[in-house]
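Trainee: Next comes the structure file run.cif, holding mmCIF, C-alpha atoms and all ligand atoms.
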```cif
data_input
loop_
_atom_site.label_atom_id
_atom_site.label_comp_id
_atom_site.auth_asym_id
_atom_site.auth_seq_id
_atom_site.Cartn_x
_atom_site.Cartn_y
_atom_site.Cartn_z
CA MET A 30 88.90 86.70 68.28
CA PHE A 31 91.24 89.57 67.52
CA ALA A 32 94.83 89.11 66.38
CA GLY A 33 94.67 85.43 67.33
CA LYS A 34 93.65 86.08 70.93
CA GLU A 35 90.26 86.04 72.61
CA TYR A 36 88.76 89.15 74.12
CA LYS A 37 85.45 89.65 75.84
CA THR A 38 82.96 91.62 73.79
CA GLY A 39 82.84 95.17 75.10
CA GLN A 40 86.45 95.05 76.22
CA ILE A 41 87.73 96.98 73.20
CA THR A 42 85.11 99.67 73.85
CA ASN A 43 86.29 99.91 77.42
CA GLU A 44 89.90 100.22 76.34
CA ILE A 45 89.02 103.03 73.90
CA LEU A 46 87.21 104.84 76.73
CA ARG A 47 90.32 104.57 78.89
CA LEU A 48 92.66 106.11 76.30
CA PRO A 49 94.28 109.23 77.74
CA LEU A 50 93.65 112.58 76.06
CA THR A 51 97.40 112.76 75.42
CA VAL A 52 96.83 109.95 72.91
CA ILE A 53 93.33 110.79 71.66
CA MET A 54 94.05 114.41 70.68
CA PRO A 55 97.33 113.82 68.79
CA LEU A 56 95.66 110.87 67.08
CA PHE A 57 92.84 113.12 65.93
CA TYR A 58 95.23 115.77 64.56
CA ALA A 59 97.44 113.16 62.88
CA GLY A 60 94.35 111.75 61.16
CA ASN A 61 93.46 115.21 59.88
CA ASP A 62 96.99 115.78 58.57
CA LEU A 63 96.97 112.40 56.90
CA ASN A 64 93.66 113.18 55.25
CA ASN A 65 95.06 116.42 53.80
CA LEU A 66 98.11 114.56 52.53
CA TYR A 67 95.88 111.94 50.96
CA ASN A 68 93.94 114.61 49.10
CA ALA A 69 97.23 116.03 47.83
CA LEU A 70 98.29 112.55 46.74
CA CYS A 71 95.11 112.10 44.74
CA GLU A 72 95.02 115.56 43.16
CA HIS A 73 98.59 116.70 42.62
CA TYR A 74 101.31 115.59 40.23
CA TYR A 75 103.66 112.99 41.66
CA SER A 76 105.99 114.49 44.22
CA GLU A 77 108.36 112.58 46.40
CA SER A 78 107.78 115.01 49.26
CA ILE A 79 104.08 114.10 49.57
CA TYR A 80 104.89 110.38 49.71
CA THR A 81 107.64 110.95 52.26
CA ALA A 82 105.31 113.07 54.39
CA ILE A 83 102.68 110.31 54.29
CA ARG A 84 105.26 107.74 55.36
CA GLU A 85 106.37 109.88 58.28
CA LYS A 86 102.76 110.53 59.33
CA LEU A 87 101.97 106.81 59.32
CA LYS A 88 105.06 106.14 61.43
CA GLU A 89 104.05 108.92 63.81
CA ILE A 90 100.61 107.33 64.27
CA LEU A 91 102.17 103.93 64.94
CA GLU A 92 104.50 105.43 67.55
CA LEU A 93 101.54 107.07 69.21
CA ILE A 94 99.48 103.91 69.55
CA LYS A 95 101.97 101.03 69.71
CA ASN A 96 101.90 100.73 73.52
CA GLU A 97 98.26 101.64 74.03
CA LYS A 98 95.44 99.15 74.46
CA PRO A 99 93.67 98.05 72.28
CA PHE A 100 96.10 99.06 69.49
CA CYS A 101 99.03 97.16 70.97
CA TYR A 102 97.13 93.98 69.96
CA PHE A 103 97.85 94.89 66.34
CA ASN A 104 100.94 93.46 64.72
CA ILE A 105 102.95 96.69 64.84
CA THR A 106 106.10 95.13 63.38
CA ALA A 107 104.19 93.84 60.35
CA GLU A 108 102.67 97.30 59.88
CA LYS A 109 106.11 98.89 59.88
CA THR A 110 107.37 96.35 57.34
CA LEU A 111 104.39 97.02 55.10
CA ILE A 112 104.88 100.79 55.27
CA GLU A 113 108.56 100.34 54.39
CA GLU A 114 107.61 98.12 51.46
CA VAL A 115 105.21 100.59 49.83
CA LEU A 116 106.73 103.88 51.01
CA GLY A 117 110.40 103.16 51.64
CA ASP A 118 113.15 104.94 49.68
CA GLU A 119 113.43 102.01 47.25
CA ALA A 120 109.71 102.08 46.46
CA LEU A 121 109.78 105.85 46.00
CA LYS A 122 112.61 105.57 43.47
CA GLY A 123 110.48 103.13 41.49
CA TYR A 124 107.43 105.46 41.62
CA SER A 125 109.53 108.37 40.41
CA VAL A 126 110.54 106.41 37.31
CA SER A 127 107.05 105.02 36.66
CA PHE A 128 105.23 108.34 37.11
CA GLY A 129 107.93 110.05 35.03
CA SER A 130 107.05 107.83 32.09
CA LEU A 131 103.38 108.91 32.15
CA ASP A 132 102.05 111.80 30.04
CA GLU A 133 100.62 113.26 33.20
CA PRO A 134 102.15 112.06 36.51
CA LEU A 135 98.77 111.77 38.23
CA LEU A 136 97.29 108.97 40.27
CA ALA A 137 94.22 109.00 38.00
CA CYS A 138 96.42 108.39 34.95
CA VAL A 139 98.14 105.26 36.23
CA PRO A 140 97.55 102.54 33.58
CA GLN A 141 95.27 99.63 34.43
CA ASP A 142 96.96 96.37 35.42
CA SER A 143 100.37 98.00 35.64
CA ASN A 144 102.76 97.21 38.45
CA LEU A 145 102.43 100.81 39.58
CA GLN A 146 98.67 100.44 39.87
CA LYS A 147 99.07 97.41 42.13
CA TYR A 148 101.30 99.42 44.45
CA MET A 149 98.98 102.42 44.42
CA THR A 150 95.98 100.25 45.32
CA VAL A 151 97.79 98.89 48.37
CA LEU A 152 99.11 102.33 49.32
CA CYS A 153 95.66 103.95 49.15
CA ALA A 154 94.11 101.13 51.18
CA ILE A 155 96.73 101.61 53.92
CA VAL A 156 96.30 105.38 54.05
CA GLU A 157 92.49 105.12 54.14
CA ALA A 158 92.69 102.54 56.92
CA TYR A 159 94.84 104.87 59.02
CA ILE A 160 92.55 107.85 58.39
CA PHE A 161 89.62 105.74 59.57
CA LEU A 162 91.62 104.50 62.54
CA CYS A 163 92.27 108.06 63.74
CA ALA A 164 88.92 109.62 62.91
CA ASP A 165 86.77 106.68 64.00
CA THR A 166 88.62 106.27 67.28
CA TYR A 167 88.13 109.94 68.09
CA ASN A 168 84.45 110.00 67.07
CA PHE A 169 83.64 106.79 68.85
CA PHE A 170 85.54 107.90 71.96
CA SER A 171 83.52 111.10 72.26
CA VAL A 172 80.13 109.47 71.69
CA ALA A 173 80.86 106.45 73.90
CA CYS A 174 82.14 108.65 76.75
CA MET A 175 78.86 110.58 76.82
CA TYR A 176 76.77 107.46 76.53
CA PHE A 177 78.53 105.53 79.32
CA ALA A 178 78.71 108.56 81.62
CA ASN A 179 74.92 108.87 81.27
CA LEU A 180 74.42 105.13 81.69
CA THR A 181 76.39 105.32 84.94
CA ASP A 182 74.38 108.31 86.15
CA MET A 183 71.16 106.41 85.48
CA GLY A 184 72.48 103.42 87.41
CA CYS A 185 71.36 100.99 84.68
CA ARG A 186 72.35 97.43 85.58
CA ASP A 187 70.29 94.96 83.61
CA LYS A 188 69.75 94.14 79.97
CA THR A 189 66.23 95.57 79.75
CA PHE A 190 67.45 98.83 81.27
CA PHE A 191 70.44 98.90 78.93
CA ALA A 192 68.16 98.41 75.96
CA SER A 193 65.52 100.95 76.90
CA PHE A 194 68.10 103.51 77.96
CA THR A 195 70.02 103.01 74.71
CA GLU A 196 66.83 103.30 72.69
CA GLN A 197 65.94 106.56 74.38
CA TYR A 198 69.46 107.90 74.24
CA PHE A 199 70.21 107.29 70.58
CA GLY A 200 66.58 107.54 69.51
CA ASN A 201 66.39 111.11 70.76
CA GLU A 202 66.45 113.53 67.82
CA GLU A 203 68.25 116.19 69.82
CA MET A 204 70.90 113.65 70.76
CA VAL A 205 71.39 112.50 67.18
CA LYS A 206 71.74 116.12 66.09
CA PHE A 207 74.18 116.78 68.89
CA ILE A 208 76.28 113.79 67.89
CA GLU A 209 76.31 114.89 64.26
CA GLU A 210 77.29 118.45 65.12
CA ASN A 211 79.98 117.28 67.47
CA ASN A 212 81.38 114.80 65.05
CA PRO A 213 84.48 116.81 64.33
CA VAL A 214 85.79 114.61 61.56
CA GLU A 215 83.92 115.43 58.39
CA ILE A 216 85.87 113.11 56.15
CA THR A 217 84.06 110.09 57.47
CA HIS A 218 80.42 109.43 58.16
CA ALA A 219 79.09 110.34 61.55
CA PHE A 220 78.75 107.84 64.36
CA THR A 221 76.42 105.12 63.17
CA LEU A 222 74.03 102.83 64.94
CA GLU A 223 73.89 100.60 61.90
CA PRO A 224 77.43 99.43 61.36
CA GLN A 225 78.10 97.52 58.16
CA VAL A 226 79.36 94.05 58.87
CA TRP A 227 79.96 90.97 56.78
CA MET A 228 79.73 87.56 58.37
CA ALA A 229 81.23 84.39 56.99
CA PRO A 230 80.93 80.89 58.40
CA VAL A 231 84.35 79.38 58.97
CA ILE A 232 85.85 76.12 60.08
CA ARG A 233 88.80 76.65 62.38
CA ARG A 234 90.88 74.53 64.71
CA ASP A 235 90.70 74.53 68.47
CA GLU A 236 93.78 74.23 70.73
CA LYS A 237 93.80 70.46 70.25
CA GLY A 238 93.77 70.84 66.47
CA LEU A 239 90.19 69.59 66.17
CA PRO A 240 87.91 71.32 63.67
CA MET A 241 85.26 73.63 65.07
CA LEU A 242 82.59 75.75 63.43
CA GLY A 243 82.57 79.45 63.94
CA ARG A 244 81.95 82.69 62.18
CA ARG A 245 84.26 85.37 61.03
CA THR A 246 83.13 88.98 61.12
CA HIS A 247 84.58 91.48 58.66
CA PHE A 248 84.55 95.22 59.25
CA ASN A 249 85.58 97.68 56.56
CA ARG A 250 86.46 100.37 59.09
CA MET A 251 87.15 100.79 62.76
CA LEU A 252 83.91 102.56 63.63
CA ASN A 253 81.83 99.56 62.54
CA PHE A 254 84.00 97.35 64.69
CA TYR A 255 83.75 99.63 67.73
CA VAL A 256 79.98 100.06 67.53
CA THR A 257 79.48 96.31 67.08
CA ASP A 258 81.74 95.57 70.04
CA MET A 259 79.88 98.06 72.21
CA PHE A 260 76.39 96.74 71.48
CA GLU A 261 77.36 93.07 71.54
CA GLY A 262 79.06 93.72 74.86
CA LEU A 263 75.97 95.39 76.30
CA ALA A 264 73.78 92.55 75.03
CA VAL A 265 75.72 89.93 76.97
CA GLY A 266 76.14 92.11 80.05
CA HIS A 267 79.75 93.22 79.51
CA TYR A 268 79.95 96.96 79.76
CA SER A 269 81.83 99.98 80.95
CA TRP A 270 81.15 101.79 84.17
CA GLN A 271 82.58 105.07 85.35
CA CYS A 272 84.43 104.96 88.66
CA GLY A 273 82.89 107.33 91.18
CA ILE A 274 86.31 108.30 92.48
CA CYS A 275 88.86 108.57 89.67
CA HIS A 276 86.18 108.92 86.92
CA LYS A 277 88.03 106.46 84.70
CA PHE A 278 85.97 103.84 82.92
CA PHE A 279 86.33 100.24 83.98
CA PHE A 280 85.06 97.01 82.52
CA MET A 281 82.24 95.00 84.10
CA THR A 282 81.54 91.39 83.22
CA THR A 283 78.65 90.94 85.61
CA ALA A 284 75.89 93.14 86.92
CA HIS A 285 77.50 93.20 90.37
CA GLN A 286 76.97 96.51 92.09
CA GLN A 287 80.62 97.39 91.73
CA LEU A 288 80.86 101.15 92.05
CA TYR A 289 84.58 101.83 91.93
CA CYS A 290 87.49 100.56 89.89
CA SER A 291 90.22 98.33 91.31
CA CYS A 292 93.07 100.31 89.77
CA VAL A 293 95.52 102.01 92.05
CA ASN A 294 94.45 105.60 92.53
CA SER A 295 97.52 107.77 92.04
CA ASP A 296 96.34 110.31 94.65
CA TYR A 297 95.99 107.68 97.38
CA GLY A 298 98.27 104.81 96.36
CA VAL A 299 95.49 102.24 96.90
CA PRO A 300 92.63 101.13 94.62
CA CYS A 301 89.56 103.37 94.39
CA SER A 302 87.36 100.68 96.00
CA HIS A 303 89.56 100.95 99.09
CA VAL A 304 89.51 104.76 99.02
CA ALA A 305 85.70 104.61 99.09
CA LYS A 306 85.75 102.19 102.02
CA ASN A 307 87.67 104.72 104.07
CA LYS A 308 85.82 107.84 103.05
CA LEU A 309 82.75 108.49 105.13
CA ASN A 310 80.73 110.24 102.47
CA MET A 311 81.09 107.60 99.74
CA PRO A 312 78.61 104.76 99.29
CA LYS A 313 80.23 101.54 100.52
CA GLN A 314 81.03 98.68 98.21
CA LYS A 315 79.76 95.27 99.31
CA LYS A 316 82.10 92.40 99.99
CA GLU A 317 80.62 90.28 97.19
CA ASP A 318 81.54 93.01 94.72
CA GLY A 319 85.17 92.91 95.78
CA ARG A 320 87.95 91.72 93.55
CA GLY A 321 88.43 87.94 93.72
CA TYR A 322 85.26 87.39 95.71
CA ASP A 323 84.18 84.26 93.79
CA THR A 324 87.47 82.53 94.61
CA TRP A 325 87.22 83.57 98.24
CA LYS A 326 83.66 82.20 98.44
CA HIS A 327 84.68 78.80 97.01
CA ARG A 328 87.59 78.47 99.43
CA ASP A 329 85.48 79.61 102.36
CA ASP A 330 82.89 76.93 101.56
CA SER A 331 85.59 74.23 101.28
CA ILE A 332 87.23 75.24 104.55
CA ARG A 333 83.88 75.34 106.34
CA SER A 334 83.13 71.77 105.29
CA LYS A 335 86.60 70.60 106.38
CA LEU A 336 86.14 72.40 109.68
CA SER A 337 82.85 70.63 110.29
CA GLN A 338 84.47 67.25 109.50
CA ALA A 339 87.21 68.04 112.02
CA ARG A 340 84.75 69.19 114.69
CA ASN A 341 82.69 66.04 114.32
CA ASN A 342 85.76 63.82 114.38
CA LYS A 343 84.81 62.33 111.02
CA PRO A 344 87.23 59.60 109.87
CA ASN A 345 87.76 61.44 106.54
CA ALA A 346 88.80 64.67 108.28
CA LYS A 347 92.12 65.67 106.73
CA TYR A 348 92.98 68.62 108.99
CA ASP A 349 92.38 69.45 112.64
CA VAL A 350 90.23 72.32 113.89
CA GLU A 351 93.18 74.60 114.61
CA THR A 352 94.56 74.21 111.06
CA CYS A 353 91.13 74.88 109.54
CA LEU A 354 90.70 78.07 111.58
CA LYS A 355 94.16 79.22 110.53
CA ALA A 356 93.28 78.50 106.89
CA LYS A 357 90.13 80.58 107.25
CA GLU A 358 92.10 83.44 108.72
CA LEU A 359 94.56 83.22 105.80
CA ILE A 360 91.98 83.40 103.02
CA ASN A 361 90.37 86.41 104.70
CA ARG A 362 93.73 88.10 104.88
CA TYR A 363 94.49 87.31 101.21
CA PHE A 364 91.12 88.66 100.16
CA GLU A 365 91.64 91.88 102.10
CA GLN A 366 95.10 92.23 100.58
CA ALA A 367 93.66 91.80 97.07
CA GLN A 368 91.30 94.72 97.70
CA ILE A 369 94.09 97.17 98.38
CA ASP A 370 97.03 95.79 96.41
CA PHE A 371 96.43 95.74 92.68
CA ASP A 372 99.66 93.90 91.86
CA TYR A 373 98.89 91.22 94.42
CA ALA A 374 95.34 90.81 93.11
CA GLU A 375 96.67 90.34 89.58
CA ASN A 376 99.74 88.22 90.25
CA GLY A 377 99.69 86.54 93.63
CA TYR A 378 96.15 86.15 94.89
CA GLU A 379 94.89 83.20 92.85
CA GLN A 380 98.07 81.23 93.54
CA ASP A 381 97.90 81.86 97.30
CA MET A 382 94.22 80.92 97.31
CA ILE A 383 94.77 77.38 95.94
CA LEU A 384 93.35 75.22 98.72
CA GLU A 385 96.47 73.04 99.12
CA ASN A 386 98.63 76.16 99.35
CA VAL A 387 96.35 77.66 101.97
CA PHE A 388 96.54 74.56 104.17
CA ALA A 389 100.29 74.17 103.62
CA GLU A 390 100.81 77.75 104.76
CA ALA A 391 98.44 77.29 107.73
CA LYS A 392 100.42 74.22 108.85
CA ARG A 393 103.72 75.99 108.36
CA LEU A 394 102.58 78.93 110.51
CA LEU A 395 101.39 76.54 113.21
CA GLY A 396 104.66 74.62 113.04
CA LYS A 397 102.88 71.40 112.09
ZN ZN B 1 88.80 104.55 90.12
#
```
Please, can you express the file's structure as structure tokens?
Ligand SMILES: [Zn+2]
Mentor:
Amino acid sequence: MFAGKEYKTGQITNEILRLPLTVIMPLFYAGNDLNNLYNALCEHYYSESIYTAIREKLKEILELIKNEKPFCYFNITAEKTLIEEVLGDEALKGYSVSFGSLDEPLLACVPQDSNLQKYMTVLCAIVEAYIFLCADTYNFFSVACMYFANLTDMGCRDKTFFASFTEQYFGNEEMVKFIEENNPVEITHAFTLEPQVWMAPVIRRDEKGLPMLGRRTHFNRMLNFYVTDMFEGLAVGHYSWQCGICHKFFFMTTAHQQLYCSCVNSDYGVPCSHVAKNKLNMPKQKKEDGRGYDTWKHRDDSIRSKLSQARNNKPNAKYDVETCLKAKELINRYFEQAQIDFDYAENGYEQDMILENVFAEAKRLLGK
């Protein structure tokens, strides 16, 4: 559960891997800037310009991420409201007065239990969270990219392989050193394989309002969340795979031998799986690894059984042979369409493949 919605474990990792460099790099630099501003906030005398600069930096980060998965799952509006509350012009006026009344207008000199201290605690927590967001996303992105690119190269497809490959990969001293040296953000700890997590048992309500037992997981920073998501995802067989054509990462929920992503390739205008099918030198993708195959298989089985009823003149036969053959032709056509048309696969395929719809369309085409 994340922001009230359910996501498959490993999905967040996959979405981080798919972030474009035009988001990752500015995010990294913004995090660095914010960290410098935070140091100034802690060390210097109160100055409105530092607080204003922090506010603008936080807004800049929000603008950068608000439309990008997985960050768009955050409540961006609530974040903006919170930033306005602790860093808006009104708040700053108040700080100016409060700090002005201190012997030394320093953060360290703010009196215990004062109103100003309450505000400063919230403000610091927000700024730290954003620094972690930027730095951890960048660090995790770079480590996870390397790891999944290697995993893809090795062709690992089952849990034992995942585990032994992961053990070798992260257990390798050279690799650990490499990760540390390439961890460009010094303000935070390096990539960790031992994320700190707190678990709490909770009672929540299901959709019908009935109580159900669950557990809530708390993370004190993004990196711990990312690493947990990645390993939990691998453990249940949800993982990222690098497309052999566009080299983007895509999310796998089964160990199907899917080699290419189903996203439309901008160079060809059709999904990568279809590009591969038509390129002689690429390994072919099997039909059962195609998008929407499970649905196709169910319908195919149903139509076969109806066809056999029709052929044997069974009294329960609902459709004649001609209609059944037309229905079969239709589901094959829909399936083919779903392989090359991403929009159709997402928005029209499942609806068209409903058995009643298939037969209705078959009858319509036959004029029955
Ligand atoms: Zn692709």
Trainee: Would you kindly return, as an MDAnalysis selection string, each protein, DNA or RNA residue with an atom no farther than 7 Å from any atom of Leu46 in chain A, considering only C-alpha atoms and excluding same-chain residues fewer than 6 positions away?
Mentor: chainID A and resid 170 174 278
Trainee: Nearest to Lys37 in chain A: which of A:Phe364, A:Phe388, A:Tyr198, A:Phe280 is it, counting only C-alpha atoms?
Mentor: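 With only C-alpha atoms as the atom set, the closest residue is A:Phe280.
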Trainee: Output the neighbourhood of ligand ZN 1 (chain B) as a PyMOL selection string, that is, all protein and nucleic acid residues with some atom at most 8 Å from the ligand, counting only C-alpha atoms and all ligand atoms.
Mentor: chain A and resi 271-279+289-294+300-302
Trainee: Would you compute, for all listed atoms of range 150-155 of chain A, the axis-aligned bounding box grown by 5 Å on each side, and then report its centre and edge lengths in Å rounded to one decimal, as JSON?
Mentor:
```
{"center_x": 96.6, "center_y": 101.4, "center_z": 49.6, "size_x": 15.0, "size_y": 15.1, "size_z": 18.6}
```
Trainee: Which residue out of A:Asn341, A:Asn386, A:Gln380, A:Asn249 has the minimum interatomic distance to Leu162 in chain A when all atoms listed in the file are used?
Mentor: A:Asn249
Trainee: From the options A:Ala154, A:Asp182, A:Leu222, A:Tyr255, which residue's atoms come nearest to Phe199 in chain A, counting all atoms listed in the file?
Mentor: A:Leu222
Trainee: Give me, as a list in words, all polymer residues having an atom no more than 12 Å from Lys355 in chain A, counting all atoms listed in the file and skipping those fewer than 3 positions away in the same chain.
Mentor: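 The neighbour list is Asp329, Ile332, Arg333, Leu336, Tyr348, Asp349, Val350, Glu351, Thr352, Glu358, Leu359, Ile360, Asn361, Arg362, Val387, Phe388, Ala389, Glu390, Ala391, Lys392, Arg393, Leu394, Leu395, Gly396 and Lys397 of chain A.
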Trainee: Just write the chosen residues, C-alpha atoms, as an mmCIF file, keeping the file's coordinate frame.
Mentor:
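File produced: selection26.cif:
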```cif
data_model
loop_
_atom_site.group_PDB
_atom_site.id
_atom_site.type_symbol
_atom_site.label_atom_id
_atom_site.label_comp_id
_atom_site.auth_asym_id
_atom_site.auth_seq_id
_atom_site.Cartn_x
_atom_site.Cartn_y
_atom_site.Cartn_z
ATOM 1 C CA ASP A 329 85.480 79.610 102.360
ATOM 2 C CA ILE A 332 87.230 75.240 104.550
ATOM 3 C CA ARG A 333 83.880 75.340 106.340
ATOM 4 C CA LEU A 336 86.140 72.400 109.680
ATOM 5 C CA TYR A 348 92.980 68.620 108.990
ATOM 6 C CA ASP A 349 92.380 69.450 112.640
ATOM 7 C CA VAL A 350 90.230 72.320 113.890
ATOM 8 C CA GLU A 351 93.180 74.600 114.610
ATOM 9 C CA THR A 352 94.560 74.210 111.060
ATOM 10 C CA GLU A 358 92.100 83.440 108.720
ATOM 11 C CA LEU A 359 94.560 83.220 105.800
ATOM 12 C CA ILE A 360 91.980 83.400 103.020
ATOM 13 C CA ASN A 361 90.370 86.410 104.700
ATOM 14 C CA ARG A 362 93.730 88.100 104.880
ATOM 15 C CA VAL A 387 96.350 77.660 101.970
ATOM 16 C CA PHE A 388 96.540 74.560 104.170
ATOM 17 C CA ALA A 389 100.290 74.170 103.620
ATOM 18 C CA GLU A 390 100.810 77.750 104.760
ATOM 19 C CA ALA A 391 98.440 77.290 107.730
ATOM 20 C CA LYS A 392 100.420 74.220 108.850
ATOM 21 C CA ARG A 393 103.720 75.990 108.360
ATOM 22 C CA LEU A 394 102.580 78.930 110.510
ATOM 23 C CA LEU A 395 101.390 76.540 113.210
ATOM 24 C CA GLY A 396 104.660 74.620 113.040
ATOM 25 C CA LYS A 397 102.880 71.400 112.090
#
```
Trainee: Which polymer residues have any atom within 12 Å of an atom of Gly184 in chain A, counting all atoms listed in the file, with same-chain residues fewer than 2 positions away left out, as a VMD selection string?
Mentor: chain A and resid 177 to 182 186 to 187 190 to 191 194 269 to 271 273 284 to 288
Trainee: Using CA of Ala59 in chain A and CA of Glu97 in chain A as the two end points, give the distance in Å to one decimal.
Mentor: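 A separation of 16.1 Å between them.
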Trainee: Using CA of Leu63 in chain A and CA of Val156 in chain A as the two end points, give the distance in Å to one decimal.
Mentor: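 That distance, rounded to one decimal, is 7.6 Å.
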Trainee: Rounded to one decimal, what separation in Å do you get between CA of Arg47 in chain A and CA of Lys98 in chain A?
Mentor: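 Separation of CA of Arg47 in chain A and CA of Lys98 in chain A: 8.7 Å.
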Trainee: As a PDB file with C-alpha atoms, keeping the file's coordinate frame, please: the residues near Glu77 in chain A (cut-off 8 Å, all atoms listed in the file, same-chain neighbours under 2 positions excluded).
Mentor:
```
ATOM      1  CA  TYR A  75     103.660 112.990  41.660  1.00  0.00           C
ATOM      2  CA  ILE A  79     104.080 114.100  49.570  1.00  0.00           C
ATOM      3  CA  TYR A  80     104.890 110.380  49.710  1.00  0.00           C
ATOM      4  CA  THR A  81     107.640 110.950  52.260  1.00  0.00           C
ATOM      5  CA  LEU A 121     109.780 105.850  46.000  1.00  0.00           C
ATOM      6  CA  SER A 125     109.530 108.370  40.410  1.00  0.00           C
TER       7      SER A 125
END
```
Trainee: Write out as a list in words which residues come within 12 Å of Ser331 in chain A when counting all atoms listed in the file, dropping same-chain ones fewer than 5 positions away.
Mentor: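 My reading of the contact set: Thr324, Trp325, Lys326, Leu336, Ser337, Gln338, Cys353, Ala356, Lys357, Ile360, Met382, Ile383, Leu384, Glu385, Val387 and Phe388 of chain A.
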Trainee: List as a compact mmCIF listing (two decimals) with C-alpha atoms, in the coordinates of the input the residues having at least one atom at most 9 Å from position (90.1, 110.5, 59.6) as given in the file, counting only C-alpha atoms.
Mentor:
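Result file result00.txt:
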```
# COMPACT_ATOMS: atom_id res chain seq x y z
CA PHE A 57 92.84 113.12 65.93
CA TYR A 58 95.23 115.77 64.56
CA ALA A 59 97.44 113.16 62.88
CA GLY A 60 94.35 111.75 61.16
CA ASN A 61 93.46 115.21 59.88
CA ASP A 62 96.99 115.78 58.57
CA LEU A 63 96.97 112.40 56.90
CA ASN A 64 93.66 113.18 55.25
CA GLU A 157 92.49 105.12 54.14
CA ALA A 158 92.69 102.54 56.92
CA TYR A 159 94.84 104.87 59.02
CA ILE A 160 92.55 107.85 58.39
CA PHE A 161 89.62 105.74 59.57
CA LEU A 162 91.62 104.50 62.54
CA CYS A 163 92.27 108.06 63.74
CA ALA A 164 88.92 109.62 62.91
CA ASP A 165 86.77 106.68 64.00
CA THR A 166 88.62 106.27 67.28
CA TYR A 167 88.13 109.94 68.09
CA VAL A 214 85.79 114.61 61.56
CA GLU A 215 83.92 115.43 58.39
CA ILE A 216 85.87 113.11 56.15
CA THR A 217 84.06 110.09 57.47
```
Trainee: From the set A:Met204, A:Tyr322, A:Ser171, A:Ser334, which residue has the shortest atom-to-atom contact distance to Leu50 in chain A, counting only C-alpha atoms?
Mentor: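 Result for the nearest residue to Leu50 in chain A: A:Ser171.
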Trainee: Select, from A:Lys313, A:Arg245, A:Arg328, A:Lys88, the residue with the minimum atom-to-atom distance to Trp227 in chain A, counting all atoms listed in the file.
Mentor: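 Distance minimum relative to Trp227 in chain A lands on A:Arg245.
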Trainee: Counting all atoms listed in the file, which of A:Val226, A:Cys153, A:Val304, A:Met183 gets nearest to Asp258 in chain A?
Mentor: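 Once distances to Asp258 in chain A are computed over all atoms listed in the file, the minimum belongs to A:Val226.
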